[in-house]
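S.K.: The structure that follows is given in the form of structure tokens.
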Amino acid sequence: MAEGLVRDVLARVMGVNRDPASTHVITRVALFGSLTDPRRELVSDVDLAVWADRRSDVPLGAGPELLLEGEAHRVAENLAARDRSGLEALLAADDERIDVSVIDGWSETASGVPSGATEIELFPNLAPAAGWADAAPSG
């Protein structure tokens with residue numbers, strides 16, 4: 001069942017990247033947490049870190065944080081946080097078993113994967129995903 005949740009999220013990732021109206025282009029997805037432990041018998045949720053570029057930032061060639069100061073910077077940060085939250089909700093599709101953290105150029109952290117946690121890259125490198133699905137615990 002958990003593998004199906006991951007496949008559904010990856011399908012939504014592809015949809016986001018094809019949609020020119022989406023706020024982001026997703027560049028990387030990594031799985032971490034209980035699904036990365038093949039000894040784990042029961043899995044209660046799916047933990048995914050998603051790296052993305054905001055479509056509004058891409059034409060600038062650099063994040064607008066380099067161009068904005070003061071109140072304009074704060075407004076841009078708030079818009080970026082709103083867009084990240086919206087993308088997280090879209091990818092999780094109201095399924096409380098899916099935990100998604102989106103990281104973009106405006107994020108306060110460079111990674112959504114906890115330090116020391118095992119991570120498996122699922123996108124763009126989909127080859128490891130096939131092997132992971134065979135070894136992953138079901139839940």
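Just so we're on the same page: first chain in the structure tokens is A, next is B, and so on; residues restart at 1 for each chain, and ligands are numbered from 1 in the order they show up.
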Would you pick out the contacts of Leu10 in chain A at 8 Å or less, using only C-alpha atoms, so that residues sharing its chain but fewer than 4 positions from it are not included, and give the list as a ChimeraX atom specification?
M.R.: /A:6,14,123
S.K.: Name the residues in contact with Gly15 in chain A at a cut-off of 12 Å, using only C-alpha atoms, excluding same-chain residues fewer than 4 positions from it; report them as a list in words.
M.R.: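 Those residues are Asp8, Val9, Leu10, Ala11, Asp19, Pro20, Ala21, Ser22, His24, Val25, Ile26, Leu87, Leu90 and Leu91 of chain A.
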S.K.: Fewer than 2 positions away in the same chain doesn't count, so skip those; otherwise give me all residues within 9 Å of Ala49 in chain A, counting only C-alpha atoms, as a PDB file with C-alpha atoms, in the first residue's frame.
M.R.:
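part_3.pdb was written with the following content:
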ATOM      1  CA  ARG A  28      14.270  16.109  -7.101  1.00  0.00           C
ATOM      2  CA  VAL A  29      12.261  13.809  -4.814  1.00  0.00           C
ATOM      3  CA  ALA A  30      13.789  11.711  -2.038  1.00  0.00           C
ATOM      4  CA  LEU A  31      12.177   9.126   0.199  1.00  0.00           C
ATOM      5  CA  PHE A  32      13.247   8.883   3.843  1.00  0.00           C
ATOM      6  CA  ASP A  47       8.028  10.746   4.154  1.00  0.00           C
ATOM      7  CA  TRP A  51      13.286  20.054  -4.142  1.00  0.00           C
ATOM      8  CA  ASP A  99       4.266  13.791   4.615  1.00  0.00           C
ATOM      9  CA  VAL A 100       5.815  16.077   1.990  1.00  0.00           C
ATOM     10  CA  SER A 101       8.369  18.819   2.604  1.00  0.00           C
ATOM     11  CA  VAL A 102       9.059  21.154  -0.315  1.00  0.00           C
ATOM     12  CA  ILE A 103      12.405  22.944  -0.428  1.00  0.00           C
ATOM     13  CA  SER A 111      17.121  19.767   2.894  1.00  0.00           C
ATOM     14  CA  GLY A 112      13.854  18.240   4.011  1.00  0.00           C
ATOM     15  CA  VAL A 113      15.642  15.048   5.060  1.00  0.00           C
TER      16      VAL A 113
END
S.K.: Using Å and a single decimal, report how far CA of Asn78 in chain A sits from CA of Ala110 in chain A.
M.R.: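 Between CA of Ala110 in chain A and CA of Asn78 in chain A the gap works out to 17.6 Å.
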S.K.: Using CA of Ala92 in chain A and CA of Val13 in chain A as the two end points, give the distance in Å to one decimal.
M.R.: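 Value for the CA of Ala92 in chain A-CA of Val13 in chain A distance: 10.4 Å.
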S.K.: Counting only C-alpha atoms, which residue out of A:Met1, A:Val50, A:Val16, A:Val43 sits closest to Leu122 in chain A?
M.R.: A:Val50
S.K.: When you draw a straight line from CA of Ser107 in chain A to CA of Ala72 in chain A, how long is it in Å?
M.R.: 16.6 Å
S.K.: Can you list every residue in range 12-78 of chain A that DSSP puts in helix (DSSP H, G or I), as a PyMOL selection string?
M.R.: chain A and resi 12-18+34-36+58-60+64-66+70-78
S.K.: Could you check which of A:Leu48, A:Leu42, A:Ala81, A:Leu5 is closest to Ile120 in chain A, using only C-alpha atoms?
M.R.: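 With only C-alpha atoms as the atom set, the closest residue is A:Leu48.
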